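What follows is a set of notes on a single structure, which appears directly below.
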Amino acid sequence: MVDRWKIGNVEFGSRLLLGTGKFADLDVQSRAVEVSETEILTFAVRRLDLDNPHAENFLERLDLKRFTLLPNTAGAYTAEEAVRIARLARASGLCDMIKVEVIGDPKTLLPDPIGTLEASKQLVEEGFTVLAYTSDDPILAKRLQEVGVHAVMPGASPIGSGQGIINEHYLRFIIEDATVPVIIDAGIGSPADAARAMELGADGVLLNTAVALAEDPVKMAEAMKWGVIAGRLGYLAGRIPKKRYASASSPTEGMIE
């Protein structure tokens, strides 16, 4: 079953988005990307040496015709910085799609809601396809959609923490009211976390650290792929309601005593 979805005007099959940082080497990174079957790769524009065409980077190891590149504004602490980084990515011919990150606190790395909203609004007006990384705040998610973002990306928990989903309640609010795709981003630690995010009704999951820093990143990348697939299928299938008492799996009517 291919359950396709769209971000802006671009259609995808895989619902797993993969970050490209923190891998031990480019070979492991390439193999993890391959087995994940992701179609979207995200990376920090600031980590690419755009002024040095001879510097080795992960883009050289991949068949870029197979992927949609999703540059992000990681490292920006103001809306102005985020907009400048996004413009640099587009001017470099990378992509018109941008993941907006505006960090509000260097310790927790939680996003700055005001800066995120301001940068997202301006980049939408400039014609970018904007995916906005945000906290699990339903009101902020609504405001971001009102300014025209093409996807909202609430964190499950702090970036790189591996804590999994902390607040299902608010994520449900965001998903229920969404008019654009909701991609759970940040804090995913295991395939179970990825599956749970999809079971809640998320459209996709973006992760990096859980794969890159796993003992075996390649195996973890494949596990995450199946976690996302299983969670999506479970959501579409519709789980049974939870009951307080047992319910026999075989009917008792007509049994011979």
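Just so we're on the same page: first chain in the structure tokens is A, next is B, and so on; residues restart at 1 for each chain, and ligands are numbered from 1 in the order they show up.
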Within 7 Å of segment 93-99 of chain A, counting only C-alpha atoms, which residues show up once you throw out same-chain ones fewer than 3 positions away? Write them as number ranges by chain, please.
A: 69-73, 86, 89-90, 128-133
Write out as a compact mmCIF listing (two decimals) with all heavy atoms, in the first residue's frame the residues lying within 9 Å of segment 188-190 of chain A, counting only C-alpha atoms and excluding same-chain residues fewer than 4 positions away.
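Output (selection39.txt):
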```
# COMPACT_ATOMS: atom_id res chain seq x y z
N GLY A 155 7.44 19.66 18.22
CA GLY A 155 8.37 18.72 18.82
C GLY A 155 7.66 17.75 19.76
O GLY A 155 6.72 18.12 20.47
N ALA A 156 8.12 16.51 19.76
CA ALA A 156 7.61 15.53 20.72
C ALA A 156 8.20 15.78 22.09
O ALA A 156 7.56 15.58 23.12
CB ALA A 156 7.95 14.12 20.24
N SER A 157 9.46 16.23 22.10
CA SER A 157 10.21 16.59 23.31
C SER A 157 11.45 17.35 22.83
O SER A 157 11.64 17.52 21.63
CB SER A 157 10.58 15.33 24.11
OG SER A 157 11.24 14.37 23.32
N ILE A 159 14.88 18.74 21.36
CA ILE A 159 15.72 18.24 20.28
C ILE A 159 16.83 17.34 20.82
O ILE A 159 17.54 17.70 21.77
CB ILE A 159 16.37 19.42 19.52
CG1 ILE A 159 15.32 20.19 18.73
CG2 ILE A 159 17.46 18.94 18.59
CD1 ILE A 159 15.87 21.42 18.03
N GLY A 160 16.96 16.17 20.21
CA GLY A 160 18.06 15.27 20.55
C GLY A 160 17.95 14.58 21.89
O GLY A 160 18.86 13.85 22.29
N SER A 161 16.84 14.79 22.62
CA SER A 161 16.72 14.23 23.97
C SER A 161 16.35 12.75 23.98
O SER A 161 16.61 12.05 24.95
CB SER A 161 15.68 15.01 24.78
OG SER A 161 14.36 14.77 24.27
N GLY A 162 15.71 12.27 22.92
CA GLY A 162 15.29 10.87 22.88
C GLY A 162 14.21 10.52 23.88
O GLY A 162 13.97 9.34 24.16
N GLN A 163 13.53 11.52 24.42
CA GLN A 163 12.51 11.27 25.43
C GLN A 163 11.19 10.76 24.85
O GLN A 163 10.32 10.32 25.59
CB GLN A 163 12.24 12.54 26.24
CG GLN A 163 13.41 13.01 27.07
CD GLN A 163 13.05 14.23 27.90
OE1 GLN A 163 12.02 14.28 28.56
NE2 GLN A 163 13.91 15.23 27.87
N GLY A 164 11.05 10.85 23.54
CA GLY A 164 9.79 10.43 22.94
C GLY A 164 8.71 11.48 23.15
O GLY A 164 8.99 12.65 23.42
N ILE A 165 7.47 11.06 23.05
CA ILE A 165 6.34 11.99 23.14
C ILE A 165 6.02 12.28 24.59
O ILE A 165 5.67 11.38 25.35
CB ILE A 165 5.11 11.43 22.41
CG1 ILE A 165 5.43 11.24 20.92
CG2 ILE A 165 3.91 12.35 22.59
CD1 ILE A 165 4.33 10.55 20.15
N ILE A 184 5.72 15.37 13.22
CA ILE A 184 6.29 15.37 14.56
C ILE A 184 7.81 15.43 14.43
O ILE A 184 8.43 14.60 13.77
CB ILE A 184 5.87 14.13 15.36
CG1 ILE A 184 4.33 14.03 15.41
CG2 ILE A 184 6.45 14.18 16.77
CD1 ILE A 184 3.64 15.23 16.01
N ALA A 194 8.14 6.65 17.09
CA ALA A 194 7.72 7.03 15.74
C ALA A 194 6.35 6.44 15.42
O ALA A 194 5.49 7.12 14.85
CB ALA A 194 8.75 6.54 14.72
N ALA A 195 6.15 5.18 15.80
CA ALA A 195 4.86 4.54 15.56
C ALA A 195 3.76 5.25 16.33
O ALA A 195 2.66 5.48 15.81
CB ALA A 195 4.92 3.07 15.96
N ALA A 197 3.65 8.38 17.29
CA ALA A 197 3.36 9.67 16.66
C ALA A 197 2.41 9.49 15.49
O ALA A 197 1.46 10.26 15.32
CB ALA A 197 4.66 10.32 16.19
N VAL A 205 6.98 11.98 10.35
CA VAL A 205 7.91 12.09 11.47
C VAL A 205 9.27 12.49 10.92
O VAL A 205 9.74 11.90 9.95
CB VAL A 205 8.04 10.75 12.23
CG1 VAL A 205 9.19 10.80 13.22
CG2 VAL A 205 6.74 10.40 12.95
N LEU A 206 9.88 13.50 11.54
CA LEU A 206 11.25 13.87 11.19
C LEU A 206 12.15 13.54 12.36
O LEU A 206 11.85 13.90 13.51
CB LEU A 206 11.35 15.36 10.85
CG LEU A 206 12.69 15.81 10.25
CD1 LEU A 206 12.50 17.05 9.38
CD2 LEU A 206 13.74 16.10 11.31
N LEU A 207 13.25 12.87 12.09
CA LEU A 207 14.19 12.52 13.16
C LEU A 207 15.60 12.49 12.61
O LEU A 207 15.83 12.40 11.42
CB LEU A 207 13.81 11.18 13.79
CG LEU A 207 13.61 9.98 12.85
CD1 LEU A 207 14.91 9.26 12.59
CD2 LEU A 207 12.58 9.01 13.43
N ASN A 208 16.55 12.57 13.53
CA ASN A 208 17.97 12.53 13.15
C ASN A 208 18.79 11.81 14.21
O ASN A 208 19.37 10.76 13.97
CB ASN A 208 18.47 13.96 12.93
CG ASN A 208 19.92 14.03 12.48
OD1 ASN A 208 20.50 15.11 12.38
ND2 ASN A 208 20.57 12.92 12.20
N THR A 209 18.84 12.39 15.42
CA THR A 209 19.71 11.87 16.47
C THR A 209 19.44 10.40 16.77
O THR A 209 20.38 9.62 16.98
CB THR A 209 19.54 12.70 17.75
OG1 THR A 209 19.78 14.08 17.46
CG2 THR A 209 20.50 12.24 18.83
N ALA A 210 18.17 10.01 16.80
CA ALA A 210 17.83 8.62 17.15
C ALA A 210 18.46 7.62 16.20
O ALA A 210 18.76 6.49 16.59
CB ALA A 210 16.30 8.45 17.15
N VAL A 211 18.67 8.02 14.96
CA VAL A 211 19.33 7.16 13.98
C VAL A 211 20.84 7.38 14.01
O VAL A 211 21.63 6.45 14.15
CB VAL A 211 18.78 7.41 12.57
CG1 VAL A 211 19.66 6.73 11.52
CG2 VAL A 211 17.36 6.90 12.46
N MET A 220 18.86 1.01 12.76
CA MET A 220 17.87 1.89 13.37
C MET A 220 17.09 2.65 12.31
O MET A 220 15.89 2.88 12.44
CB MET A 220 18.53 2.87 14.34
CG MET A 220 17.54 3.74 15.11
SD MET A 220 16.37 2.76 16.12
CE MET A 220 17.44 2.30 17.48
N ALA A 223 14.53 0.34 11.10
CA ALA A 223 13.50 0.15 12.14
C ALA A 223 12.56 1.34 12.19
O ALA A 223 11.34 1.19 12.35
CB ALA A 223 14.18 -0.05 13.49
N MET A 224 13.10 2.54 12.05
CA MET A 224 12.27 3.74 12.05
C MET A 224 11.33 3.75 10.86
O MET A 224 10.17 4.18 10.96
CB MET A 224 13.14 4.99 12.06
CG MET A 224 13.86 5.25 13.35
SD MET A 224 12.72 5.60 14.73
CE MET A 224 13.92 6.03 16.01
N GLY A 227 8.57 1.51 11.79
CA GLY A 227 7.77 2.10 12.86
C GLY A 227 6.77 3.11 12.32
O GLY A 227 5.60 3.13 12.71
```
Which residues of segment 103-187 of chain A sit at most 8 Å from segment 2-22 of chain A, using only C-alpha atoms? Give each one's shortest atom pair and distance in Å (one decimal place), in chain and ascending residue order, as JSON lines.
```
{"residue": "A:Thr129", "atom": "CA", "partner": "A:Gly8", "partner_atom": "CA", "distance": 6.4}
{"residue": "A:His150", "atom": "CA", "partner": "A:Gly8", "partner_atom": "CA", "distance": 5.6}
{"residue": "A:Ala151", "atom": "CA", "partner": "A:Ile7", "partner_atom": "CA", "distance": 6.8}
{"residue": "A:Val180", "atom": "CA", "partner": "A:Ile7", "partner_atom": "CA", "distance": 8.0}
{"residue": "A:Pro181", "atom": "CA", "partner": "A:Ile7", "partner_atom": "CA", "distance": 6.9}
```
Please save all heavy atoms of the selected residues as an mmCIF file, in the first residue's frame.
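Contents of the output file part-v3.cif:
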```
data_model
loop_
_atom_site.group_PDB
_atom_site.id
_atom_site.type_symbol
_atom_site.label_atom_id
_atom_site.label_comp_id
_atom_site.auth_asym_id
_atom_site.auth_seq_id
_atom_site.Cartn_x
_atom_site.Cartn_y
_atom_site.Cartn_z
ATOM 1 N N THR A 129 8.182 27.426 0.284
ATOM 2 C CA THR A 129 7.344 26.401 0.897
ATOM 3 C C THR A 129 7.869 26.224 2.310
ATOM 4 O O THR A 129 8.990 25.740 2.509
ATOM 5 C CB THR A 129 7.422 25.073 0.128
ATOM 6 O OG1 THR A 129 6.930 25.275 -1.201
ATOM 7 C CG2 THR A 129 6.589 23.995 0.809
ATOM 8 N N HIS A 150 3.132 25.691 5.146
ATOM 9 C CA HIS A 150 2.695 24.510 4.412
ATOM 10 C C HIS A 150 2.734 23.245 5.249
ATOM 11 O O HIS A 150 2.219 22.204 4.826
ATOM 12 C CB HIS A 150 3.553 24.350 3.165
ATOM 13 C CG HIS A 150 3.486 25.542 2.258
ATOM 14 N ND1 HIS A 150 4.253 26.683 2.453
ATOM 15 C CD2 HIS A 150 2.713 25.802 1.170
ATOM 16 C CE1 HIS A 150 3.969 27.565 1.520
ATOM 17 N NE2 HIS A 150 3.049 27.070 0.734
ATOM 18 N N ALA A 151 3.350 23.321 6.429
ATOM 19 C CA ALA A 151 3.348 22.217 7.394
ATOM 20 C C ALA A 151 3.782 22.769 8.741
ATOM 21 O O ALA A 151 4.599 23.697 8.810
ATOM 22 C CB ALA A 151 4.295 21.093 6.958
ATOM 23 N N VAL A 180 -3.019 21.786 7.449
ATOM 24 C CA VAL A 180 -1.831 21.425 6.679
ATOM 25 C C VAL A 180 -1.222 20.199 7.348
ATOM 26 O O VAL A 180 -1.607 19.837 8.464
ATOM 27 C CB VAL A 180 -0.806 22.585 6.656
ATOM 28 C CG1 VAL A 180 -1.392 23.813 5.975
ATOM 29 C CG2 VAL A 180 -0.311 22.909 8.058
ATOM 30 N N PRO A 181 -0.281 19.530 6.689
ATOM 31 C CA PRO A 181 0.345 18.364 7.324
ATOM 32 C C PRO A 181 1.009 18.703 8.663
ATOM 33 O O PRO A 181 1.575 19.786 8.837
ATOM 34 C CB PRO A 181 1.397 17.928 6.290
ATOM 35 C CG PRO A 181 0.861 18.409 4.995
ATOM 36 C CD PRO A 181 0.186 19.707 5.298
#
```
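The protein and nucleic acid residues lying at most 9 Å from segment 238-246 of chain A are Glu199, Leu233 and Gly234 of chain A, with only C-alpha atoms considered and sequence neighbours fewer than 4 positions away removed.
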Hey, what's within 7 Å of segment 83-85 of chain A if we count only C-alpha atoms and toss same-chain stuff fewer than 5 positions away? As a PyMOL selection string, please?
chain A and resi 45+73+119+123
Atom pair atom CA of Val182 of chain A + atom CA of Leu26 of chain A, distance 29.6 Å
Write down as number ranges by chain the residues belonging to segment 121-221 of chain A that are assigned strand (DSSP E) by DSSP computed on the backbone.
A: 129-134, 151-154, 183-185, 204-207
Mind writing the picked residues with all heavy atoms as a short mmCIF file (atom, residue, chain, number, x, y, z; two decimals), in the first residue's frame?
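Here's the written file again12.cif:
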```cif
data_model
loop_
_atom_site.label_atom_id
_atom_site.label_comp_id
_atom_site.auth_asym_id
_atom_site.auth_seq_id
_atom_site.Cartn_x
_atom_site.Cartn_y
_atom_site.Cartn_z
N THR A 129 8.18 27.43 0.28
CA THR A 129 7.34 26.40 0.90
C THR A 129 7.87 26.22 2.31
O THR A 129 8.99 25.74 2.51
CB THR A 129 7.42 25.07 0.13
OG1 THR A 129 6.93 25.27 -1.20
CG2 THR A 129 6.59 24.00 0.81
N VAL A 130 7.10 26.64 3.30
CA VAL A 130 7.59 26.78 4.67
C VAL A 130 7.06 25.66 5.57
O VAL A 130 5.85 25.43 5.68
CB VAL A 130 7.18 28.14 5.26
CG1 VAL A 130 7.60 28.24 6.73
CG2 VAL A 130 7.80 29.26 4.44
N LEU A 131 7.99 24.98 6.23
CA LEU A 131 7.68 24.00 7.26
C LEU A 131 8.21 24.60 8.56
O LEU A 131 9.41 24.87 8.68
CB LEU A 131 8.34 22.65 6.99
CG LEU A 131 7.85 21.87 5.76
CD1 LEU A 131 8.46 22.42 4.47
CD2 LEU A 131 8.20 20.39 5.91
N ALA A 132 7.35 24.83 9.52
CA ALA A 132 7.72 25.56 10.72
C ALA A 132 7.90 24.63 11.91
O ALA A 132 6.95 23.96 12.34
CB ALA A 132 6.67 26.62 11.04
N TYR A 133 9.12 24.60 12.44
CA TYR A 133 9.40 23.84 13.65
C TYR A 133 8.94 24.65 14.86
O TYR A 133 9.30 25.82 15.01
CB TYR A 133 10.89 23.54 13.75
CG TYR A 133 11.33 23.05 15.11
CD1 TYR A 133 10.82 21.85 15.62
CD2 TYR A 133 12.22 23.78 15.89
CE1 TYR A 133 11.20 21.41 16.88
CE2 TYR A 133 12.61 23.33 17.14
CZ TYR A 133 12.09 22.14 17.64
OH TYR A 133 12.46 21.70 18.89
N THR A 134 8.13 24.03 15.71
CA THR A 134 7.53 24.75 16.82
C THR A 134 7.41 23.85 18.04
O THR A 134 7.65 22.64 17.97
CB THR A 134 6.14 25.28 16.41
OG1 THR A 134 5.52 25.93 17.52
CG2 THR A 134 5.24 24.13 15.96
N ALA A 151 3.35 23.32 6.43
CA ALA A 151 3.35 22.22 7.39
C ALA A 151 3.78 22.77 8.74
O ALA A 151 4.60 23.70 8.81
CB ALA A 151 4.29 21.09 6.96
N VAL A 152 3.21 22.21 9.81
CA VAL A 152 3.67 22.55 11.15
C VAL A 152 4.40 21.34 11.72
O VAL A 152 4.01 20.20 11.48
CB VAL A 152 2.52 22.98 12.09
CG1 VAL A 152 1.95 24.32 11.66
CG2 VAL A 152 1.41 21.94 12.13
N MET A 153 5.46 21.62 12.49
CA MET A 153 6.33 20.55 12.97
C MET A 153 6.53 20.66 14.47
O MET A 153 7.57 21.12 14.96
CB MET A 153 7.68 20.63 12.24
CG MET A 153 7.55 20.68 10.73
SD MET A 153 9.14 20.77 9.88
CE MET A 153 9.69 19.07 10.03
N PRO A 154 5.54 20.25 15.25
CA PRO A 154 5.68 20.33 16.71
C PRO A 154 6.66 19.28 17.23
O PRO A 154 6.71 18.15 16.73
CB PRO A 154 4.26 20.05 17.21
CG PRO A 154 3.64 19.21 16.13
CD PRO A 154 4.23 19.72 14.85
N ILE A 183 3.92 17.28 11.10
CA ILE A 183 5.08 16.40 11.11
C ILE A 183 5.71 16.48 12.50
O ILE A 183 6.14 17.56 12.92
CB ILE A 183 6.10 16.82 10.04
CG1 ILE A 183 5.45 16.78 8.66
CG2 ILE A 183 7.34 15.91 10.08
CD1 ILE A 183 6.25 17.51 7.58
N ILE A 184 5.72 15.37 13.22
CA ILE A 184 6.29 15.37 14.56
C ILE A 184 7.81 15.43 14.43
O ILE A 184 8.43 14.60 13.77
CB ILE A 184 5.87 14.13 15.36
CG1 ILE A 184 4.33 14.03 15.41
CG2 ILE A 184 6.45 14.18 16.77
CD1 ILE A 184 3.64 15.23 16.01
N ASP A 185 8.40 16.40 15.09
CA ASP A 185 9.82 16.69 14.90
C ASP A 185 10.48 16.92 16.26
O ASP A 185 9.97 17.70 17.07
CB ASP A 185 9.96 17.95 14.02
CG ASP A 185 11.39 18.34 13.77
OD1 ASP A 185 12.28 17.54 14.06
OD2 ASP A 185 11.61 19.47 13.28
N GLY A 204 3.57 12.78 9.32
CA GLY A 204 4.93 12.34 9.12
C GLY A 204 5.75 12.51 10.39
O GLY A 204 5.30 13.10 11.37
N VAL A 205 6.98 11.98 10.35
CA VAL A 205 7.91 12.09 11.47
C VAL A 205 9.27 12.49 10.92
O VAL A 205 9.74 11.90 9.95
CB VAL A 205 8.04 10.75 12.23
CG1 VAL A 205 9.19 10.80 13.22
CG2 VAL A 205 6.74 10.40 12.95
N LEU A 206 9.88 13.50 11.54
CA LEU A 206 11.25 13.87 11.19
C LEU A 206 12.15 13.54 12.36
O LEU A 206 11.85 13.90 13.51
CB LEU A 206 11.35 15.36 10.85
CG LEU A 206 12.69 15.81 10.25
CD1 LEU A 206 12.50 17.05 9.38
CD2 LEU A 206 13.74 16.10 11.31
N LEU A 207 13.25 12.87 12.09
CA LEU A 207 14.19 12.52 13.16
C LEU A 207 15.60 12.49 12.61
O LEU A 207 15.83 12.40 11.42
CB LEU A 207 13.81 11.18 13.79
CG LEU A 207 13.61 9.98 12.85
CD1 LEU A 207 14.91 9.26 12.59
CD2 LEU A 207 12.58 9.01 13.43
#
```
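Interatomic distance, atom CA of Asp193 of chain A to atom CA of Arg143 of chain A: 26.7 Å.
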A:Ile103, A:Val228, A:Ile40, A:Ala74 ranked by distance to Pro191 of chain A, top pick (using only C-alpha atoms)
A:Val228
Running DSSP on the backbone, which parts of segment 68-162 of chain A land in helix (DSSP H, G or I), as a PyMOL selection string?
chain A and resi 79-91+113-125+138-146
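Minimum atom-to-atom distance to Pro158 of chain A, evaluated using only C-alpha atoms, belongs to A:Thr108 out of A:Ser120, A:Thr108, A:Asp136, A:Leu144.
Our summary of the geometry notes that atom CA of Ala212 of chain A is positioned 8.4 Å from atom CA of Ala32 of chain A.
Minimum atom-to-atom distances from A:Arg172, A:Lys65, A:Lys219, A:Arg87 to Ala141 of chain A were compared using only C-alpha atoms, and the lowest value belongs to A:Arg172.
Counting only C-alpha atoms, the residue from A:Leu200, A:Ala186, A:Val149, A:Leu117 that sits nearest to Tyr170 of chain A is A:Leu200.
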